[in-house]
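> So I've got this file, final-v3.csv, and it contains CSV, C-alpha atoms:
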chain,number,residue,atom,x,y,z
N,1,MET,CA,-74.2,-6.5,-85.0
N,2,ALA,CA,-73.0,-3.1,-83.8
N,3,THR,CA,-71.4,-0.3,-85.9
N,4,ARG,CA,-69.8,2.9,-84.7
N,5,ARG,CA,-69.8,6.3,-86.2
N,6,ARG,CA,-66.9,8.7,-85.8
N,7,CYS,CA,-69.1,11.7,-85.1
N,8,ALA,CA,-70.9,12.7,-81.9
N,9,VAL,CA,-73.5,10.0,-82.4
N,10,PRO,CA,-72.0,6.9,-80.7
N,11,ARG,CA,-73.5,3.6,-81.7
N,12,VAL,CA,-76.2,2.1,-83.9
N,13,THR,CA,-77.5,-1.4,-83.2
N,14,VAL,CA,-78.7,-2.9,-86.5
N,15,ARG,CA,-81.8,-5.0,-86.0
N,16,PRO,CA,-83.4,-7.2,-88.7
N,17,GLU,CA,-86.6,-5.0,-88.7
N,18,ASP,CA,-84.7,-1.7,-89.1
N,19,ARG,CA,-84.7,0.0,-92.5
N,20,VAL,CA,-83.7,3.5,-93.8
N,21,ILE,CA,-84.8,5.5,-96.8
N,22,SER,CA,-83.7,8.8,-98.3
N,23,LEU,CA,-86.3,11.6,-98.3
N,24,ARG,CA,-86.5,14.2,-101.1
N,25,ASP,CA,-84.5,16.8,-99.2
N,26,GLY,CA,-81.6,14.4,-98.7
N,27,ARG,CA,-82.4,13.4,-95.0
N,28,SER,CA,-82.4,9.8,-94.0
N,29,MET,CA,-85.5,8.4,-92.3
N,30,GLY,CA,-85.2,5.2,-90.2
N,31,PHE,CA,-88.1,2.9,-89.4
N,32,ALA,CA,-88.9,-0.5,-88.0
N,33,ASP,CA,-91.0,-2.9,-89.9
N,34,TYR,CA,-93.0,-5.6,-88.0
N,35,GLY,CA,-95.6,-8.1,-89.0
N,36,PRO,CA,-96.5,-9.7,-92.3
N,37,ALA,CA,-95.3,-7.9,-95.5
N,38,ASP,CA,-98.8,-8.3,-97.0
N,39,GLY,CA,-100.7,-7.2,-93.9
N,40,PHE,CA,-102.8,-4.0,-93.6
N,41,VAL,CA,-100.4,-1.2,-92.7
N,42,VAL,CA,-100.6,0.7,-89.4
N,43,VAL,CA,-98.1,3.5,-89.0
N,44,ASN,CA,-96.9,4.0,-85.4
N,45,ALA,CA,-96.0,7.5,-84.0
N,46,HIS,CA,-93.7,6.8,-81.1
N,47,GLY,CA,-93.8,8.5,-77.7
N,48,GLY,CA,-91.4,11.0,-76.2
N,49,LEU,CA,-88.0,9.9,-74.8
N,50,SER,CA,-88.5,7.0,-77.2
N,51,CYS,CA,-88.1,5.9,-80.8
N,52,ARG,CA,-89.3,3.4,-83.4
N,53,LEU,CA,-88.8,0.6,-80.9
N,54,ASP,CA,-91.6,1.6,-78.6
N,55,ILE,CA,-94.0,-0.6,-80.6
N,56,ARG,CA,-91.7,-3.6,-80.6
N,57,ALA,CA,-93.7,-5.4,-77.9
N,58,ALA,CA,-96.7,-5.4,-80.2
N,59,ALA,CA,-94.9,-7.3,-83.0
N,60,PRO,CA,-96.3,-10.8,-82.1
N,61,VAL,CA,-99.8,-9.3,-81.8
N,62,ALA,CA,-99.4,-7.6,-85.2
N,63,GLU,CA,-98.3,-10.9,-86.7
N,64,ALA,CA,-101.3,-12.7,-85.3
N,65,ALA,CA,-103.7,-9.9,-86.4
N,66,GLY,CA,-102.3,-9.7,-89.9
N,67,ILE,CA,-101.1,-6.1,-89.3
N,68,ARG,CA,-97.9,-4.7,-90.8
N,69,LEU,CA,-96.6,-2.2,-88.3
N,70,ILE,CA,-94.4,0.6,-89.7
N,71,SER,CA,-92.7,2.6,-87.0
N,72,PRO,CA,-90.7,5.6,-88.2
N,73,ASP,CA,-88.2,7.6,-86.1
N,74,ARG,CA,-89.1,11.2,-86.0
N,75,PRO,CA,-86.4,13.6,-87.3
N,76,GLY,CA,-83.3,13.7,-85.1
N,77,ILE,CA,-84.4,10.5,-83.3
N,78,GLY,CA,-82.8,7.1,-83.7
N,79,LEU,CA,-81.9,6.5,-87.3
N,80,SER,CA,-83.5,9.6,-88.7
N,81,ASP,CA,-81.6,12.8,-89.6
N,82,PRO,CA,-82.6,16.0,-87.9
N,83,SER,CA,-84.9,18.7,-89.2
N,84,PRO,CA,-84.4,21.9,-87.1
N,85,GLY,CA,-87.4,24.0,-86.6
N,86,ARG,CA,-89.9,21.3,-87.6
N,87,THR,CA,-93.5,21.3,-86.6
N,88,VAL,CA,-95.9,18.5,-85.8
N,89,LEU,CA,-97.6,18.9,-89.2
N,90,ASP,CA,-94.2,18.7,-91.0
N,91,TRP,CA,-93.9,15.1,-90.1
N,92,ALA,CA,-96.9,14.2,-92.4
N,93,SER,CA,-94.8,14.9,-95.5
N,94,ASP,CA,-92.0,12.6,-94.3
N,95,VAL,CA,-94.5,9.8,-93.7
N,96,GLU,CA,-96.2,10.4,-97.0
N,97,GLN,CA,-92.9,9.9,-98.7
N,98,LEU,CA,-92.3,6.7,-96.7
N,99,ALA,CA,-95.7,5.4,-97.7
N,100,ASP,CA,-95.0,6.2,-101.4
N,101,HIS,CA,-91.7,4.4,-101.1
N,102,LEU,CA,-93.3,1.3,-99.7
N,103,GLY,CA,-96.2,1.4,-102.1
N,104,VAL,CA,-98.8,1.9,-99.4
N,105,GLU,CA,-102.0,3.6,-100.5
N,106,ARG,CA,-104.2,3.1,-97.4
N,107,MET,CA,-103.2,2.8,-93.8
N,108,GLY,CA,-104.2,3.2,-90.2
N,109,VAL,CA,-102.3,5.3,-87.6
N,110,LEU,CA,-101.4,4.7,-84.0
N,111,GLY,CA,-99.8,7.4,-81.8
N,112,TRP,CA,-98.9,6.9,-78.1
N,113,SER,CA,-98.3,9.7,-75.6
N,114,MET,CA,-96.2,12.5,-77.3
N,115,GLY,CA,-96.9,10.6,-80.6
N,116,GLY,CA,-100.6,11.3,-80.3
N,117,GLN,CA,-100.3,14.7,-81.8
N,118,TYR,CA,-98.3,13.3,-84.7
N,119,ALA,CA,-100.9,10.6,-85.3
N,120,ALA,CA,-103.5,13.4,-85.5
N,121,ALA,CA,-101.3,15.3,-87.9
N,122,LEU,CA,-101.3,12.3,-90.3
N,123,GLY,CA,-105.1,12.0,-90.0
N,124,TYR,CA,-105.4,15.7,-90.9
N,125,ALA,CA,-102.9,16.0,-93.6
N,126,LEU,CA,-103.2,12.6,-95.3
N,127,SER,CA,-106.9,12.1,-94.7
N,128,SER,CA,-107.5,10.5,-98.1
N,129,ARG,CA,-105.0,7.7,-97.3
N,130,ILE,CA,-105.9,7.2,-93.6
N,131,SER,CA,-108.6,4.8,-92.6
N,132,ARG,CA,-108.6,5.4,-88.9
N,133,VAL,CA,-106.5,6.9,-86.2
N,134,ALA,CA,-105.8,5.6,-82.6
N,135,ILE,CA,-104.6,8.2,-80.1
N,136,VAL,CA,-103.4,6.5,-76.9
N,137,ALA,CA,-102.7,8.6,-73.8
N,138,GLY,CA,-102.3,11.7,-76.0
N,139,ALA,CA,-102.2,15.3,-74.9
N,140,LEU,CA,-104.1,18.4,-76.0
N,141,PRO,CA,-102.3,21.1,-77.9
N,142,LEU,CA,-99.8,22.6,-75.5
N,143,THR,CA,-100.2,26.1,-77.0
N,144,GLU,CA,-103.7,26.2,-75.5
N,145,ALA,CA,-104.1,28.1,-72.2
N,146,GLY,CA,-103.4,26.1,-69.1
N,147,THR,CA,-102.5,22.9,-70.9
N,148,PHE,CA,-98.7,23.0,-70.4
N,149,ALA,CA,-99.1,23.5,-66.6
N,150,ARG,CA,-100.9,20.2,-66.3
N,151,LEU,CA,-98.2,18.1,-67.9
N,152,PRO,CA,-96.2,15.7,-65.7
N,153,ARG,CA,-93.4,17.5,-63.9
N,154,ILE,CA,-90.6,15.7,-65.8
N,155,ASP,CA,-92.0,16.8,-69.1
N,156,ARG,CA,-92.3,20.4,-68.0
N,157,VAL,CA,-88.7,20.3,-66.8
N,158,PHE,CA,-87.4,18.8,-70.0
N,159,THR,CA,-89.5,21.1,-72.2
N,160,ARG,CA,-88.3,24.2,-70.3
N,161,MET,CA,-84.7,23.1,-70.5
N,162,SER,CA,-85.0,22.3,-74.2
N,163,LEU,CA,-86.4,25.8,-74.9
N,164,GLY,CA,-84.2,27.8,-72.5
N,165,CYS,CA,-81.0,25.8,-72.1
N,166,PRO,CA,-80.7,23.2,-74.9
N,167,ALA,CA,-77.1,22.3,-73.9
N,168,LEU,CA,-78.2,21.4,-70.4
N,169,ALA,CA,-81.1,19.4,-71.8
N,170,GLY,CA,-78.9,17.6,-74.2
N,171,ALA,CA,-76.5,16.7,-71.4
N,172,SER,CA,-79.4,15.3,-69.4
N,173,PHE,CA,-80.6,13.1,-72.3
N,174,ARG,CA,-77.0,11.9,-73.0
N,175,GLY,CA,-76.6,10.9,-69.3
N,176,LEU,CA,-79.9,8.9,-69.4
N,177,SER,CA,-78.8,7.2,-72.6
N,178,VAL,CA,-75.5,6.2,-71.1
N,179,LEU,CA,-77.2,4.8,-68.0
N,180,ALA,CA,-79.7,2.8,-70.1
N,181,ARG,CA,-76.9,1.3,-72.1
N,182,ALA,CA,-74.4,0.6,-69.3
N,183,MET,CA,-76.9,-0.7,-66.7
N,184,PRO,CA,-80.0,-1.7,-68.7
N,185,ARG,CA,-81.8,-3.8,-66.0
N,186,GLN,CA,-80.9,-1.4,-63.2
N,187,PHE,CA,-82.0,1.6,-65.3
N,188,ALA,CA,-85.3,0.1,-66.1
N,189,ARG,CA,-85.9,-0.9,-62.4
N,190,ILE,CA,-85.1,2.6,-61.3
N,191,SER,CA,-87.4,4.1,-63.9
N,192,ALA,CA,-90.2,1.8,-62.9
N,193,ARG,CA,-90.0,3.1,-59.3
N,194,THR,CA,-90.9,6.6,-60.6
N,195,LEU,CA,-94.1,5.3,-62.3
N,196,ALA,CA,-97.5,4.4,-61.1
N,197,PRO,CA,-97.9,0.7,-60.1
N,198,ALA,CA,-99.7,-0.2,-63.4
N,199,ASP,CA,-96.9,1.2,-65.5
N,200,ALA,CA,-94.2,-0.1,-63.2
N,201,GLU,CA,-95.5,-3.6,-63.9
N,202,VAL,CA,-95.3,-3.1,-67.7
N,203,VAL,CA,-91.7,-1.8,-67.4
N,204,ALA,CA,-90.7,-4.6,-65.0
N,205,SER,CA,-91.9,-7.2,-67.5
N,206,GLU,CA,-89.8,-5.7,-70.3
N,207,LEU,CA,-86.6,-4.5,-68.5
N,208,THR,CA,-84.0,-4.9,-71.3
N,209,ALA,CA,-86.4,-3.9,-74.0
N,210,PHE,CA,-87.3,-0.7,-72.1
N,211,SER,CA,-83.7,0.2,-71.7
N,212,ALA,CA,-82.8,-0.6,-75.3
N,213,MET,CA,-85.7,1.6,-76.5
N,214,THR,CA,-84.6,4.5,-74.2
N,215,ASP,CA,-81.0,4.2,-75.2
N,216,GLU,CA,-81.8,4.3,-78.9
N,217,GLY,CA,-84.3,7.0,-78.5
N,218,LEU,CA,-81.8,9.3,-76.6
N,219,ARG,CA,-78.6,8.6,-78.4
N,220,ASN,CA,-78.9,11.8,-80.5
N,221,PRO,CA,-79.5,14.3,-77.6
N,222,ALA,CA,-80.0,17.3,-79.9
N,223,GLY,CA,-82.8,15.5,-81.7
N,224,VAL,CA,-84.5,14.8,-78.4
N,225,VAL,CA,-84.2,18.5,-77.5
N,226,GLU,CA,-85.8,19.4,-80.8
N,227,ASP,CA,-88.6,16.9,-80.2
N,228,TYR,CA,-89.5,18.7,-77.0
N,229,ARG,CA,-89.2,22.1,-78.7
N,230,ALA,CA,-91.5,20.9,-81.5
N,231,TRP,CA,-94.4,19.8,-79.3
N,232,MET,CA,-94.6,23.4,-77.9
N,233,ARG,CA,-95.1,24.8,-81.4
N,234,PRO,CA,-98.6,25.1,-82.9
N,235,TRP,CA,-99.8,21.9,-84.5
N,236,GLY,CA,-100.9,23.7,-87.6
N,237,PHE,CA,-104.5,22.4,-87.2
N,238,ASP,CA,-107.0,22.0,-84.4
N,239,PRO,CA,-108.5,18.7,-83.1
N,240,GLU,CA,-111.8,20.0,-84.6
N,241,ASP,CA,-110.3,19.9,-88.1
N,242,LEU,CA,-109.9,16.1,-88.2
N,243,GLU,CA,-112.3,14.4,-90.6
N,244,VAL,CA,-111.2,10.8,-90.3
N,245,PRO,CA,-112.5,8.4,-87.6
N,246,VAL,CA,-110.4,8.6,-84.4
N,247,ASP,CA,-110.3,6.3,-81.4
N,248,VAL,CA,-109.1,8.0,-78.2
N,249,TRP,CA,-107.7,5.5,-75.7
N,250,TRP,CA,-106.9,6.1,-72.1
N,251,GLY,CA,-106.0,3.8,-69.1
N,252,ASP,CA,-108.0,4.3,-66.0
N,253,ALA,CA,-104.8,4.1,-63.9
N,254,ASP,CA,-102.9,6.7,-66.0
N,255,ARG,CA,-101.3,9.2,-63.6
N,256,LEU,CA,-99.4,11.2,-66.4
N,257,ILE,CA,-102.3,12.4,-68.5
N,258,PRO,CA,-105.1,14.3,-66.7
N,259,ARG,CA,-108.3,12.2,-66.8
N,260,GLU,CA,-110.2,15.1,-68.3
N,261,TRP,CA,-107.9,15.3,-71.4
N,262,PRO,CA,-109.1,12.1,-73.2
N,263,ALA,CA,-112.7,13.0,-72.9
N,264,GLU,CA,-112.1,16.6,-74.1
N,265,LEU,CA,-110.1,15.3,-77.0
N,266,ALA,CA,-112.8,12.9,-78.0
N,267,THR,CA,-115.4,15.6,-77.7
N,268,ARG,CA,-113.5,18.0,-79.9
N,269,ILE,CA,-112.7,15.5,-82.7
N,270,PRO,CA,-115.8,15.1,-84.8
N,271,LYS,CA,-115.7,11.4,-85.6
N,272,SER,CA,-114.3,10.1,-82.4
N,273,THR,CA,-114.8,7.3,-79.9
N,274,LEU,CA,-113.5,7.3,-76.3
N,275,ASN,CA,-112.2,4.0,-75.1
N,276,ILE,CA,-111.3,3.7,-71.4
N,277,GLY,CA,-109.6,0.5,-70.4
N,278,SER,CA,-107.4,-1.0,-67.6
N,279,GLY,CA,-103.8,0.1,-67.2
N,280,GLY,CA,-101.8,3.2,-66.9
N,281,HIS,CA,-99.9,5.4,-69.4
N,282,PHE,CA,-98.6,2.2,-70.9
N,283,MET,CA,-102.1,0.8,-71.3
N,284,ALA,CA,-101.5,0.0,-75.0
N,285,HIS,CA,-99.3,-2.9,-73.9
N,286,LEU,CA,-102.4,-4.5,-72.3
N,287,HIS,CA,-104.7,-3.7,-75.2
N,288,TYR,CA,-102.6,-4.0,-78.4
N,289,ARG,CA,-105.0,-6.5,-80.0
N,290,ALA,CA,-108.1,-4.4,-79.4
N,291,ILE,CA,-106.3,-1.3,-80.7
N,292,LEU,CA,-105.0,-3.0,-83.8
N,293,ASP,CA,-108.2,-4.8,-84.5
N,294,SER,CA,-110.1,-1.4,-84.4
N,295,LEU,CA,-107.7,0.0,-87.0
N,296,ALA,CA,-107.8,-3.2,-89.2
N,297,ASP,CA,-111.6,-3.2,-89.1
N,298,ALA,CA,-111.6,0.2,-90.9
N,299,CYS,CA,-109.6,-1.0,-93.9
The structure in this file should be written as structure tokens.

Amino acid sequence: MATRRRCAVPRVTVRPEDRVISLRDGRSMGFADYGPADGFVVVNAHGGLSCRLDIRAAAPVAEAAGIRLISPDRPGIGLSDPSPGRTVLDWASDVEQLADHLGVERMGVLGWSMGGQYAAALGYALSSRISRVAIVAGALPLTEAGTFARLPRIDRVFTRMSLGCPALAGASFRGLSVLARAMPRQFARISARTLAPADAEVVASELTAFSAMTDEGLRNPAGVVEDYRAWMRPWGFDPEDLEVPVDVWWGDADRLIPREWPAELATRIPKSTLNIGSGGHFMAHLHYRAILDSLADAC
């Protein structure tokens, strides 16, 4: 079922797993809910140019593993209202309110790509409630010297546009969303051609799901602009400050994250384990069961 708003945000596709709550400051927070209702909860921090749907492919795995996957949209993304000027650490308060609303006392955390820093923020700010964190293909703090320059070119371009010319960045995100919605299979195939072979295979196997995720993730262009602005702000903590166990995952065919970053991240986080597996930036799609099992084992 599709509904339409009269404002600048075009459409919302309502899925059975989609839910929305109100936060203390009046903002709405949308999230997807997958897996058994009585399963151990794992909160997903979605990647960039994405939304709560980026973990949808793991739903059958979560069901089999007895994991309840809760995947919130960050502020301004998908079903969540914006929060201008937000930081990575601010998101922890939103998730804490979500956990309280759902009656969840203990949970694991999974963060992919841009979501890695948000997963780390939950591990830092909500340490008494977090059993374990999994950071998959995550980046180092971009405020550190030399880090931004090593990002993929597309992320550097979108970040610079978001900081220096947000209107142009918003128009770019809106255009990508329109293409993903109007020509889903073609959009996904074109996107796959820009990726390394290992990642192109993942996208090719999930053409319509990839486009639906992108369309939903970009339908609020201003929110995506703020997402790129937020990841250039200080985290509010350092990797060394994390006290919960952390698994750092990286695919040996990942061409978007420098191969030195996962090892450095794992070295800097006190209770961490480095896991290198097959696959590229989308390596989680090949290793969802191992990743979820590692989080469930800690409960």
> Which is closer to Val224 of chain N than all the others in N:Leu98, N:Ala167, N:Leu295, N:Val61, using all atoms listed in the file?
N:Ala167
> At most 12 Å is the cut-off: for each residue in segment 190-215 of chain N with any atom that close to an atom of segment 255-263 of chain N, write down the nearest atom pair and the distance in Å rounded to one decimal, counting all atoms listed in the file, chain first then increasing number, as a Markdown table.

| residue | atom | partner | partner_atom | distance |
| --- | --- | --- | --- | --- |
| N:Thr194 | CA | N:Arg255 | CA | 11.1 |
| N:Leu195 | CA | N:Arg255 | CA | 8.3 |
| N:Ala196 | CA | N:Arg255 | CA | 6.6 |
| N:Pro197 | CA | N:Arg255 | CA | 9.8 |
| N:Ala198 | CA | N:Arg255 | CA | 9.5 |
| N:Asp199 | CA | N:Arg255 | CA | 9.3 |
| N:Ala200 | CA | N:Arg255 | CA | 11.7 |
> Just the number, please: distance in Å from atom CA of Arg174 of chain N to atom CA of Asn220 of chain N, one decimal.
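We find that atom CA of Arg174 of chain N and atom CA of Asn220 of chain N lie 7.7 Å from each other.
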> Grab the atom CA of Pro75 of chain N to atom CA of Phe173 of chain N distance for me, in Å with one decimal place.
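Taking atom CA of Pro75 of chain N as the start and atom CA of Phe173 of chain N as the end point, the length is 16.1 Å.
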> Considering all atoms listed in the file, can you say which of N:Ser50, N:Ser191, N:Ser278, N:Ser172 comes closest to Val203 of chain N?
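Once distances to Val203 of chain N are computed over all atoms listed in the file, the minimum belongs to N:Ser191.
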> Within 9 Å of Leu265 of chain N, counting only C-alpha atoms, which residues qualify if same-chain residues fewer than 2 places away don't, as JSON, numbers by chain?
{"N": [138, 139, 140, 239, 248, 260, 261, 262, 263, 267, 268, 269, 272, 274]}
> What lies within 12 Å of Phe187 of chain N using only C-alpha atoms, ignoring chain neighbours under 2 positions off, as a compact mmCIF listing (two decimals) with C-alpha atoms, in the frame of the given file?

# COMPACT_ATOMS: atom_id res chain seq x y z
CA GLY N 175 -76.60 10.90 -69.30
CA LEU N 176 -79.90 8.90 -69.40
CA SER N 177 -78.80 7.20 -72.60
CA VAL N 178 -75.50 6.20 -71.10
CA LEU N 179 -77.20 4.80 -68.00
CA ALA N 180 -79.70 2.80 -70.10
CA ARG N 181 -76.90 1.30 -72.10
CA ALA N 182 -74.40 0.60 -69.30
CA MET N 183 -76.90 -0.70 -66.70
CA PRO N 184 -80.00 -1.70 -68.70
CA ARG N 185 -81.80 -3.80 -66.00
CA ARG N 189 -85.90 -0.90 -62.40
CA ILE N 190 -85.10 2.60 -61.30
CA SER N 191 -87.40 4.10 -63.90
CA ALA N 192 -90.20 1.80 -62.90
CA ARG N 193 -90.00 3.10 -59.30
CA THR N 194 -90.90 6.60 -60.60
CA VAL N 203 -91.70 -1.80 -67.40
CA ALA N 204 -90.70 -4.60 -65.00
CA GLU N 206 -89.80 -5.70 -70.30
CA LEU N 207 -86.60 -4.50 -68.50
CA THR N 208 -84.00 -4.90 -71.30
CA ALA N 209 -86.40 -3.90 -74.00
CA PHE N 210 -87.30 -0.70 -72.10
CA SER N 211 -83.70 0.20 -71.70
CA ALA N 212 -82.80 -0.60 -75.30
CA MET N 213 -85.70 1.60 -76.50
CA THR N 214 -84.60 4.50 -74.20
CA ASP N 215 -81.00 4.20 -75.20
> Would you mind telling me which residue in N:Glu201, N:Asp252, N:Glu105, N:Asp90 lies nearest to Gly236 of chain N when using only C-alpha atoms?
N:Asp90
> I'd like the interatomic distance between atom CA of Phe148 of chain N and atom CA of Trp231 of chain N, to a tenth of an Å.
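We find that atom CA of Phe148 of chain N and atom CA of Trp231 of chain N lie 10.4 Å from each other.
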> Give me, as a PyMOL selection string, all polymer residues having an atom no more than 8 Å from Trp249 of chain N, counting only C-alpha atoms and skipping those fewer than 5 positions away in the same chain.
chain N and resi 134-137+262+274-277
> Counting only C-alpha atoms, which of N:Leu110, N:Ile21, N:Ala169, N:Met283 gets nearest to Arg156 of chain N?
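Under the stated criterion, the closest residue is N:Ala169.
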> So that I can see what lies close to Pro166 of chain N, please list as number ranges by chain the residues with an atom at most 10 Å from it, counting only C-alpha atoms and leaving out residues fewer than 4 positions away in the same chain.
N: 158-162, 170-172, 221-222, 224-226, 229
> Next, write the just-selected residues to a file, as an mmCIF file, in the frame of the given file, keeping C-alpha atoms as the atom set.

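That gives us part.cif:
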data_model
loop_
_atom_site.group_PDB
_atom_site.id
_atom_site.type_symbol
_atom_site.label_atom_id
_atom_site.label_comp_id
_atom_site.auth_asym_id
_atom_site.auth_seq_id
_atom_site.Cartn_x
_atom_site.Cartn_y
_atom_site.Cartn_z
ATOM 1 C CA PHE N 158 -87.400 18.800 -70.000
ATOM 2 C CA THR N 159 -89.500 21.100 -72.200
ATOM 3 C CA ARG N 160 -88.300 24.200 -70.300
ATOM 4 C CA MET N 161 -84.700 23.100 -70.500
ATOM 5 C CA SER N 162 -85.000 22.300 -74.200
ATOM 6 C CA GLY N 170 -78.900 17.600 -74.200
ATOM 7 C CA ALA N 171 -76.500 16.700 -71.400
ATOM 8 C CA SER N 172 -79.400 15.300 -69.400
ATOM 9 C CA PRO N 221 -79.500 14.300 -77.600
ATOM 10 C CA ALA N 222 -80.000 17.300 -79.900
ATOM 11 C CA VAL N 224 -84.500 14.800 -78.400
ATOM 12 C CA VAL N 225 -84.200 18.500 -77.500
ATOM 13 C CA GLU N 226 -85.800 19.400 -80.800
ATOM 14 C CA ARG N 229 -89.200 22.100 -78.700
#
> With all atoms listed in the file as the counted atoms, please give the residues lying no more than 9 Å from Leu122 of chain N, apart from itself and same-chain residues fewer than 3 positions off, as a ChimeraX atom specification.
/N:89,91-93,95-96,109,117-119,125-127,130,133
> Under the rule that all atoms listed in the file are counted, which of N:Arg289, N:Arg74, N:Arg129, N:Arg233 is the nearest residue to Ser28 of chain N?
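Smallest distance to Ser28 of chain N is found for N:Arg74.
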> Nearest to Ile291 of chain N among N:Ala58, N:Cys165, N:Val244, N:Ala230, with distances taken over all atoms listed in the file: which residue is it?
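Comparing N:Ala58, N:Cys165, N:Val244, N:Ala230 against Ile291 of chain N, the winner is N:Ala58.
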> Where's the centre, and what are the edge lengths in Å to one decimal, of a box along x, y and z enclosing all listed atoms of segment 198-211 of chain N padded 3 Å per side, as JSON?

{"center_x": -91.7, "center_y": -3.0, "center_z": -68.6, "size_x": 22.0, "size_y": 14.4, "size_z": 16.8}
